[in-house]
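Source file: start-v8.csv (CSV, N, CA and C atoms)
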chain,number,residue,atom,x,y,z
A,1,MET,N,4.4,-7.4,-17.5
A,1,MET,CA,4.2,-6.8,-16.2
A,1,MET,C,4.8,-5.4,-16.2
A,2,GLU,N,4.2,-4.5,-15.5
A,2,GLU,CA,4.8,-3.1,-15.5
A,2,GLU,C,5.8,-3.0,-14.4
A,3,VAL,N,6.7,-2.0,-14.7
A,3,VAL,CA,7.8,-1.8,-13.7
A,3,VAL,C,7.3,-1.4,-12.3
A,4,PRO,N,6.2,-0.6,-12.2
A,4,PRO,CA,5.7,-0.3,-10.8
A,4,PRO,C,5.4,-1.5,-10.1
A,5,LEU,N,4.8,-2.6,-10.7
A,5,LEU,CA,4.5,-3.8,-10.0
A,5,LEU,C,5.7,-4.5,-9.5
A,6,HIS,N,6.8,-4.5,-10.3
A,6,HIS,CA,8.0,-5.1,-9.8
A,6,HIS,C,8.5,-4.3,-8.6
A,7,SER,N,8.4,-3.0,-8.6
A,7,SER,CA,8.9,-2.2,-7.5
A,7,SER,C,8.0,-2.5,-6.2
A,8,ASP,N,6.7,-2.7,-6.4
A,8,ASP,CA,5.8,-3.0,-5.3
A,8,ASP,C,6.2,-4.4,-4.7
A,9,ILE,N,6.5,-5.3,-5.6
A,9,ILE,CA,6.9,-6.7,-5.1
A,9,ILE,C,8.2,-6.6,-4.2
A,10,VAL,N,9.2,-5.9,-4.7
A,10,VAL,CA,10.4,-5.7,-4.0
A,10,VAL,C,10.2,-5.0,-2.7
A,11,GLY,N,9.4,-3.9,-2.8
A,11,GLY,CA,9.1,-3.1,-1.6
A,11,GLY,C,8.4,-3.9,-0.5
A,12,ASP,N,7.4,-4.7,-0.9
A,12,ASP,CA,6.6,-5.5,0.0
A,12,ASP,C,7.5,-6.6,0.7
A,13,CYS,N,8.5,-7.0,0.0
A,13,CYS,CA,9.4,-8.1,0.5
A,13,CYS,C,10.5,-7.6,1.5
A,14,ALA,N,10.5,-6.3,1.8
A,14,ALA,CA,11.3,-5.7,2.8
A,14,ALA,C,12.8,-6.1,2.7
A,15,GLY,N,13.4,-6.0,1.6
A,15,GLY,CA,14.8,-6.3,1.4
A,15,GLY,C,15.1,-7.8,1.2
A,16,ALA,N,14.2,-8.7,1.3
A,16,ALA,CA,14.4,-10.1,1.1
A,16,ALA,C,14.5,-10.5,-0.4
A,17,VAL,N,14.0,-9.6,-1.2
A,17,VAL,CA,14.0,-9.8,-2.7
A,17,VAL,C,14.6,-8.7,-3.4
A,18,ARG,N,15.4,-9.0,-4.5
A,18,ARG,CA,15.9,-7.9,-5.3
A,18,ARG,C,15.5,-8.3,-6.8
A,19,TRP,N,15.2,-7.3,-7.6
A,19,TRP,CA,14.8,-7.5,-9.0
A,19,TRP,C,15.9,-7.3,-9.9
A,20,GLY,N,16.1,-8.2,-10.9
A,20,GLY,CA,17.2,-8.0,-11.9
A,20,GLY,C,17.0,-6.8,-12.8
A,21,GLY,N,15.8,-6.2,-12.9
A,21,GLY,CA,15.6,-5.0,-13.7
A,21,GLY,C,16.2,-3.8,-13.1
A,22,ASP,N,16.6,-3.9,-11.8
A,22,ASP,CA,17.3,-2.8,-11.2
A,22,ASP,C,18.9,-2.9,-11.3
A,23,ASP,N,19.4,-4.0,-11.8
A,23,ASP,CA,20.8,-4.2,-11.9
A,23,ASP,C,21.4,-3.4,-13.0
A,24,ASP,N,22.7,-3.1,-13.0
A,24,ASP,CA,23.4,-2.4,-14.0
A,24,ASP,C,23.3,-3.2,-15.3
A,25,ALA,N,23.4,-4.5,-15.3
A,25,ALA,CA,23.2,-5.4,-16.4
A,25,ALA,C,21.7,-5.9,-16.3
A,26,VAL,N,20.8,-5.1,-16.8
A,26,VAL,CA,19.4,-5.3,-16.6
A,26,VAL,C,18.9,-6.7,-17.1
A,27,ASP,N,18.2,-7.4,-16.2
A,27,ASP,CA,17.6,-8.7,-16.6
A,27,ASP,C,16.2,-8.8,-15.9
A,28,GLU,N,15.2,-8.3,-16.6
A,28,GLU,CA,13.9,-8.2,-16.0
A,28,GLU,C,13.2,-9.5,-15.6
A,29,ALA,N,13.8,-10.6,-16.1
A,29,ALA,CA,13.3,-11.9,-15.8
A,29,ALA,C,13.7,-12.5,-14.5
A,30,LEU,N,14.6,-11.8,-13.8
A,30,LEU,CA,15.2,-12.4,-12.6
A,30,LEU,C,14.7,-11.7,-11.3
A,31,TYR,N,14.5,-12.5,-10.3
A,31,TYR,CA,14.3,-12.0,-8.9
A,31,TYR,C,15.4,-12.8,-8.1
A,32,TYR,N,16.0,-12.1,-7.1
A,32,TYR,CA,17.0,-12.7,-6.3
A,32,TYR,C,16.5,-12.7,-4.8
A,33,LEU,N,16.7,-13.8,-4.1
A,33,LEU,CA,16.3,-13.9,-2.7
A,33,LEU,C,17.6,-13.7,-1.9
A,34,THR,N,17.5,-13.1,-0.7
A,34,THR,CA,18.6,-13.1,0.2
A,34,THR,C,18.9,-14.5,0.7
A,35,GLY,N,20.1,-14.7,1.3
A,35,GLY,CA,20.5,-16.0,1.7
A,35,GLY,C,19.7,-16.6,2.9
A,36,PRO,N,19.7,-17.9,3.1
A,36,PRO,CA,19.0,-18.5,4.2
A,36,PRO,C,19.5,-17.9,5.5
A,37,GLY,N,18.6,-17.6,6.4
A,37,GLY,CA,19.0,-17.1,7.7
A,37,GLY,C,19.2,-15.6,7.7
A,38,SER,N,19.0,-14.9,6.6
A,38,SER,CA,19.3,-13.5,6.6
A,38,SER,C,18.2,-12.7,7.4
A,39,GLY,N,18.6,-11.6,7.9
A,39,GLY,CA,17.6,-10.8,8.7
A,39,GLY,C,16.4,-10.4,7.9
A,40,GLU,N,16.6,-10.0,6.7
A,40,GLU,CA,15.5,-9.6,5.8
A,40,GLU,C,14.5,-10.8,5.6
A,41,LEU,N,15.1,-11.9,5.3
A,41,LEU,CA,14.2,-13.1,5.0
A,41,LEU,C,13.4,-13.5,6.3
A,42,LEU,N,14.1,-13.4,7.4
A,42,LEU,CA,13.4,-13.8,8.7
A,42,LEU,C,12.3,-12.8,9.0
A,43,ARG,N,12.5,-11.5,8.7
A,43,ARG,CA,11.5,-10.5,8.9
A,43,ARG,C,10.3,-10.6,8.0
A,44,VAL,N,10.5,-11.0,6.7
A,44,VAL,CA,9.4,-11.1,5.8
A,44,VAL,C,8.7,-12.4,5.9
A,45,ALA,N,9.2,-13.4,6.5
A,45,ALA,CA,8.6,-14.7,6.5
A,45,ALA,C,7.2,-14.7,7.2
A,46,PRO,N,7.0,-14.1,8.4
A,46,PRO,CA,5.7,-14.0,8.9
A,46,PRO,C,4.7,-13.3,8.0
A,47,LYS,N,5.1,-12.3,7.4
A,47,LYS,CA,4.2,-11.5,6.5
A,47,LYS,C,3.9,-12.4,5.3
A,48,SER,N,4.8,-13.2,4.8
A,48,SER,CA,4.5,-14.1,3.7
A,48,SER,C,3.5,-15.2,4.1
A,49,GLN,N,3.6,-15.7,5.3
A,49,GLN,CA,2.7,-16.7,5.8
A,49,GLN,C,1.3,-16.0,5.9
A,50,GLU,N,1.2,-14.8,6.4
A,50,GLU,CA,-0.1,-14.1,6.4
A,50,GLU,C,-0.7,-14.0,5.0
A,51,TRP,N,0.1,-13.6,4.0
A,51,TRP,CA,-0.3,-13.5,2.7
A,51,TRP,C,-0.9,-14.8,2.2
A,52,SER,N,-0.3,-15.9,2.5
A,52,SER,CA,-0.8,-17.2,2.0
A,52,SER,C,-2.2,-17.6,2.6
A,53,ASP,N,-2.5,-17.0,3.7
A,53,ASP,CA,-3.8,-17.2,4.4
A,53,ASP,C,-4.9,-16.3,3.9
A,54,ARG,N,-4.6,-15.3,3.1
A,54,ARG,CA,-5.6,-14.4,2.6
A,54,ARG,C,-5.6,-14.2,1.1
A,55,LEU,N,-6.7,-14.6,0.4
A,55,LEU,CA,-6.8,-14.5,-1.0
A,55,LEU,C,-6.6,-13.0,-1.5
A,56,GLY,N,-5.8,-12.8,-2.4
A,56,GLY,CA,-5.6,-11.5,-3.0
A,56,GLY,C,-4.5,-10.7,-2.2
A,57,ALA,N,-3.9,-11.2,-1.2
A,57,ALA,CA,-2.9,-10.6,-0.4
A,57,ALA,C,-1.6,-11.0,-0.9
A,58,GLY,N,-0.5,-10.2,-0.6
A,58,GLY,CA,0.8,-10.6,-1.0
A,58,GLY,C,1.6,-9.6,-1.7
A,59,ALA,N,2.8,-9.9,-2.0
A,59,ALA,CA,3.7,-8.9,-2.6
A,59,ALA,C,3.2,-8.6,-4.0
A,60,GLY,N,3.0,-7.3,-4.2
A,60,GLY,CA,2.5,-6.8,-5.5
A,60,GLY,C,1.0,-6.9,-5.7
A,61,ALA,N,0.3,-7.4,-4.7
A,61,ALA,CA,-1.2,-7.4,-4.8
A,61,ALA,C,-1.8,-6.0,-5.0
A,62,ILE,N,-2.8,-5.9,-5.8
A,62,ILE,CA,-3.4,-4.6,-6.0
A,62,ILE,C,-4.6,-4.6,-5.1
A,63,SER,N,-4.7,-3.6,-4.3
A,63,SER,CA,-5.8,-3.5,-3.3
A,63,SER,C,-7.1,-3.0,-4.0
A,64,ALA,N,-7.0,-2.2,-5.0
A,64,ALA,CA,-8.2,-1.7,-5.8
A,64,ALA,C,-7.8,-1.7,-7.2
A,65,PRO,N,-8.0,-2.9,-7.9
A,65,PRO,CA,-7.6,-3.0,-9.3
A,65,PRO,C,-8.3,-2.1,-10.3
A,66,TRP,N,-9.4,-1.5,-9.9
A,66,TRP,CA,-10.1,-0.7,-10.8
A,66,TRP,C,-9.6,0.8,-10.8
A,67,SER,N,-8.7,1.1,-9.8
A,67,SER,CA,-8.1,2.4,-9.7
A,67,SER,C,-6.9,2.5,-10.5
A,68,ALA,N,-6.5,3.7,-10.9
A,68,ALA,CA,-5.3,3.9,-11.7
A,68,ALA,C,-4.1,3.7,-10.9
A,69,ARG,N,-3.1,3.1,-11.4
A,69,ARG,CA,-1.8,2.9,-10.8
A,69,ARG,C,-0.8,4.0,-11.3
A,70,GLY,N,0.0,4.5,-10.4
A,70,GLY,CA,0.9,5.6,-10.8
A,70,GLY,C,2.3,5.1,-11.1

Could I get this file's structure written as structure tokens?
Amino acid sequence: MEVPLHSDIVGDCAGAVRWGGDDDAVDEALYYLTGPGSGELLRVAPKSQEWSDRLGAGAGAISAPWSARG
């Protein structure tokens, strides 16, 4: 997976997710979630439910896969 996709996922999750590739001790295999009841998690939960109802929606989804990604 490309780094821009990881950044898209983290950005789409509005602070509820952090990627290990951004850590000082880089570990690109890890994603971290904020704790239960966190404001970030509570804010992204409705968006996550909407994603599950729409095919092709969600964190890191590509809206036009045939176009070039920067």

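Inside chain A, the residues DSSP reads as alpha helix (DSSP H) when given the backbone are Val3, Pro4, Leu5, His6, Ser7, Asp8, Ile9, Val10, Gly11, Asp12, Gly39, Glu40, Leu41, Leu42, Arg43, Val44, Ala45, Pro46, Lys47, Ser48, Gln49, Glu50, Trp51, Ser52 and Asp53 of chain A.
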
Give me a file of those residues, with N, CA and C atoms, as a PDB file, in the frame of the given file.
ATOM      1  N   VAL A   3       6.700  -2.000 -14.700  1.00  0.00           N
ATOM      2  CA  VAL A   3       7.800  -1.800 -13.700  1.00  0.00           C
ATOM      3  C   VAL A   3       7.300  -1.400 -12.300  1.00  0.00           C
ATOM      4  N   PRO A   4       6.200  -0.600 -12.200  1.00  0.00           N
ATOM      5  CA  PRO A   4       5.700  -0.300 -10.800  1.00  0.00           C
ATOM      6  C   PRO A   4       5.400  -1.500 -10.100  1.00  0.00           C
ATOM      7  N   LEU A   5       4.800  -2.600 -10.700  1.00  0.00           N
ATOM      8  CA  LEU A   5       4.500  -3.800 -10.000  1.00  0.00           C
ATOM      9  C   LEU A   5       5.700  -4.500  -9.500  1.00  0.00           C
ATOM     10  N   HIS A   6       6.800  -4.500 -10.300  1.00  0.00           N
ATOM     11  CA  HIS A   6       8.000  -5.100  -9.800  1.00  0.00           C
ATOM     12  C   HIS A   6       8.500  -4.300  -8.600  1.00  0.00           C
ATOM     13  N   SER A   7       8.400  -3.000  -8.600  1.00  0.00           N
ATOM     14  CA  SER A   7       8.900  -2.200  -7.500  1.00  0.00           C
ATOM     15  C   SER A   7       8.000  -2.500  -6.200  1.00  0.00           C
ATOM     16  N   ASP A   8       6.700  -2.700  -6.400  1.00  0.00           N
ATOM     17  CA  ASP A   8       5.800  -3.000  -5.300  1.00  0.00           C
ATOM     18  C   ASP A   8       6.200  -4.400  -4.700  1.00  0.00           C
ATOM     19  N   ILE A   9       6.500  -5.300  -5.600  1.00  0.00           N
ATOM     20  CA  ILE A   9       6.900  -6.700  -5.100  1.00  0.00           C
ATOM     21  C   ILE A   9       8.200  -6.600  -4.200  1.00  0.00           C
ATOM     22  N   VAL A  10       9.200  -5.900  -4.700  1.00  0.00           N
ATOM     23  CA  VAL A  10      10.400  -5.700  -4.000  1.00  0.00           C
ATOM     24  C   VAL A  10      10.200  -5.000  -2.700  1.00  0.00           C
ATOM     25  N   GLY A  11       9.400  -3.900  -2.800  1.00  0.00           N
ATOM     26  CA  GLY A  11       9.100  -3.100  -1.600  1.00  0.00           C
ATOM     27  C   GLY A  11       8.400  -3.900  -0.500  1.00  0.00           C
ATOM     28  N   ASP A  12       7.400  -4.700  -0.900  1.00  0.00           N
ATOM     29  CA  ASP A  12       6.600  -5.500   0.000  1.00  0.00           C
ATOM     30  C   ASP A  12       7.500  -6.600   0.700  1.00  0.00           C
ATOM     31  N   GLY A  39      18.600 -11.600   7.900  1.00  0.00           N
ATOM     32  CA  GLY A  39      17.600 -10.800   8.700  1.00  0.00           C
ATOM     33  C   GLY A  39      16.400 -10.400   7.900  1.00  0.00           C
ATOM     34  N   GLU A  40      16.600 -10.000   6.700  1.00  0.00           N
ATOM     35  CA  GLU A  40      15.500  -9.600   5.800  1.00  0.00           C
ATOM     36  C   GLU A  40      14.500 -10.800   5.600  1.00  0.00           C
ATOM     37  N   LEU A  41      15.100 -11.900   5.300  1.00  0.00           N
ATOM     38  CA  LEU A  41      14.200 -13.100   5.000  1.00  0.00           C
ATOM     39  C   LEU A  41      13.400 -13.500   6.300  1.00  0.00           C
ATOM     40  N   LEU A  42      14.100 -13.400   7.400  1.00  0.00           N
ATOM     41  CA  LEU A  42      13.400 -13.800   8.700  1.00  0.00           C
ATOM     42  C   LEU A  42      12.300 -12.800   9.000  1.00  0.00           C
ATOM     43  N   ARG A  43      12.500 -11.500   8.700  1.00  0.00           N
ATOM     44  CA  ARG A  43      11.500 -10.500   8.900  1.00  0.00           C
ATOM     45  C   ARG A  43      10.300 -10.600   8.000  1.00  0.00           C
ATOM     46  N   VAL A  44      10.500 -11.000   6.700  1.00  0.00           N
ATOM     47  CA  VAL A  44       9.400 -11.100   5.800  1.00  0.00           C
ATOM     48  C   VAL A  44       8.700 -12.400   5.900  1.00  0.00           C
ATOM     49  N   ALA A  45       9.200 -13.400   6.500  1.00  0.00           N
ATOM     50  CA  ALA A  45       8.600 -14.700   6.500  1.00  0.00           C
ATOM     51  C   ALA A  45       7.200 -14.700   7.200  1.00  0.00           C
ATOM     52  N   PRO A  46       7.000 -14.100   8.400  1.00  0.00           N
ATOM     53  CA  PRO A  46       5.700 -14.000   8.900  1.00  0.00           C
ATOM     54  C   PRO A  46       4.700 -13.300   8.000  1.00  0.00           C
ATOM     55  N   LYS A  47       5.100 -12.300   7.400  1.00  0.00           N
ATOM     56  CA  LYS A  47       4.200 -11.500   6.500  1.00  0.00           C
ATOM     57  C   LYS A  47       3.900 -12.400   5.300  1.00  0.00           C
ATOM     58  N   SER A  48       4.800 -13.200   4.800  1.00  0.00           N
ATOM     59  CA  SER A  48       4.500 -14.100   3.700  1.00  0.00           C
ATOM     60  C   SER A  48       3.500 -15.200   4.100  1.00  0.00           C
ATOM     61  N   GLN A  49       3.600 -15.700   5.300  1.00  0.00           N
ATOM     62  CA  GLN A  49       2.700 -16.700   5.800  1.00  0.00           C
ATOM     63  C   GLN A  49       1.300 -16.000   5.900  1.00  0.00           C
ATOM     64  N   GLU A  50       1.200 -14.800   6.400  1.00  0.00           N
ATOM     65  CA  GLU A  50      -0.100 -14.100   6.400  1.00  0.00           C
ATOM     66  C   GLU A  50      -0.700 -14.000   5.000  1.00  0.00           C
ATOM     67  N   TRP A  51       0.100 -13.600   4.000  1.00  0.00           N
ATOM     68  CA  TRP A  51      -0.300 -13.500   2.700  1.00  0.00           C
ATOM     69  C   TRP A  51      -0.900 -14.800   2.200  1.00  0.00           C
ATOM     70  N   SER A  52      -0.300 -15.900   2.500  1.00  0.00           N
ATOM     71  CA  SER A  52      -0.800 -17.200   2.000  1.00  0.00           C
ATOM     72  C   SER A  52      -2.200 -17.600   2.600  1.00  0.00           C
ATOM     73  N   ASP A  53      -2.500 -17.000   3.700  1.00  0.00           N
ATOM     74  CA  ASP A  53      -3.800 -17.200   4.400  1.00  0.00           C
ATOM     75  C   ASP A  53      -4.900 -16.300   3.900  1.00  0.00           C
TER      76      ASP A  53
END

Legend entry - Those in chain A with strand (DSSP E or B) from DSSP, as a list in words: Val17, Arg18, Trp19, Tyr31, Tyr32 and Leu33 of chain A

Legend entry - Top pick for closest residue to A:Val3, considering A:Glu50, A:Asp23, A:Glu28, A:Glu40 and counting only C-alpha atoms: A:Glu28

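Restricting the calculation to all atoms listed in the file, the smallest distance between A:Val10 and any of A:Ala59, A:Asp53, A:Val44, A:Leu33 is found for A:Ala59.
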
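Note that the spacing between atom CA of A:Ala57 and atom CA of A:Ala29 amounts to 22.4 Å.
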
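Atom CA of A:Thr34 lies 14.6 Å from atom CA of A:Ser48.
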
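Interatomic distance, atom CA of A:Val17 to atom CA of A:Arg54: 20.8 Å.
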
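Nearest to A:Leu41 of all the residues A:Gly15, A:Gly20, A:Asp8, A:Glu2 is A:Gly15, counting only N, CA and C atoms.
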
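In terms of minimum interatomic distance to A:Arg18, A:Tyr31 ranks closest within A:His6, A:Ser38, A:Ser52, A:Tyr31, counting all atoms listed in the file.
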
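Each of A:Ala25, A:Leu30, A:Leu55, A:Ala61 was checked against A:Cys13 using only C-alpha atoms; the smallest atom-to-atom distance is that of A:Ala61.
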
As lines of an AutoDock Vina configuration file, please: the centre and edge lengths in Å, to one decimal, of an axis-aligned box enclosing every listed atom of stretch 37-53 of chain A with 5 Å added on each side.
center_x = 7.2
center_y = -13.6
center_z = 5.5
size_x = 34.2
size_y = 18.0
size_z = 17.0
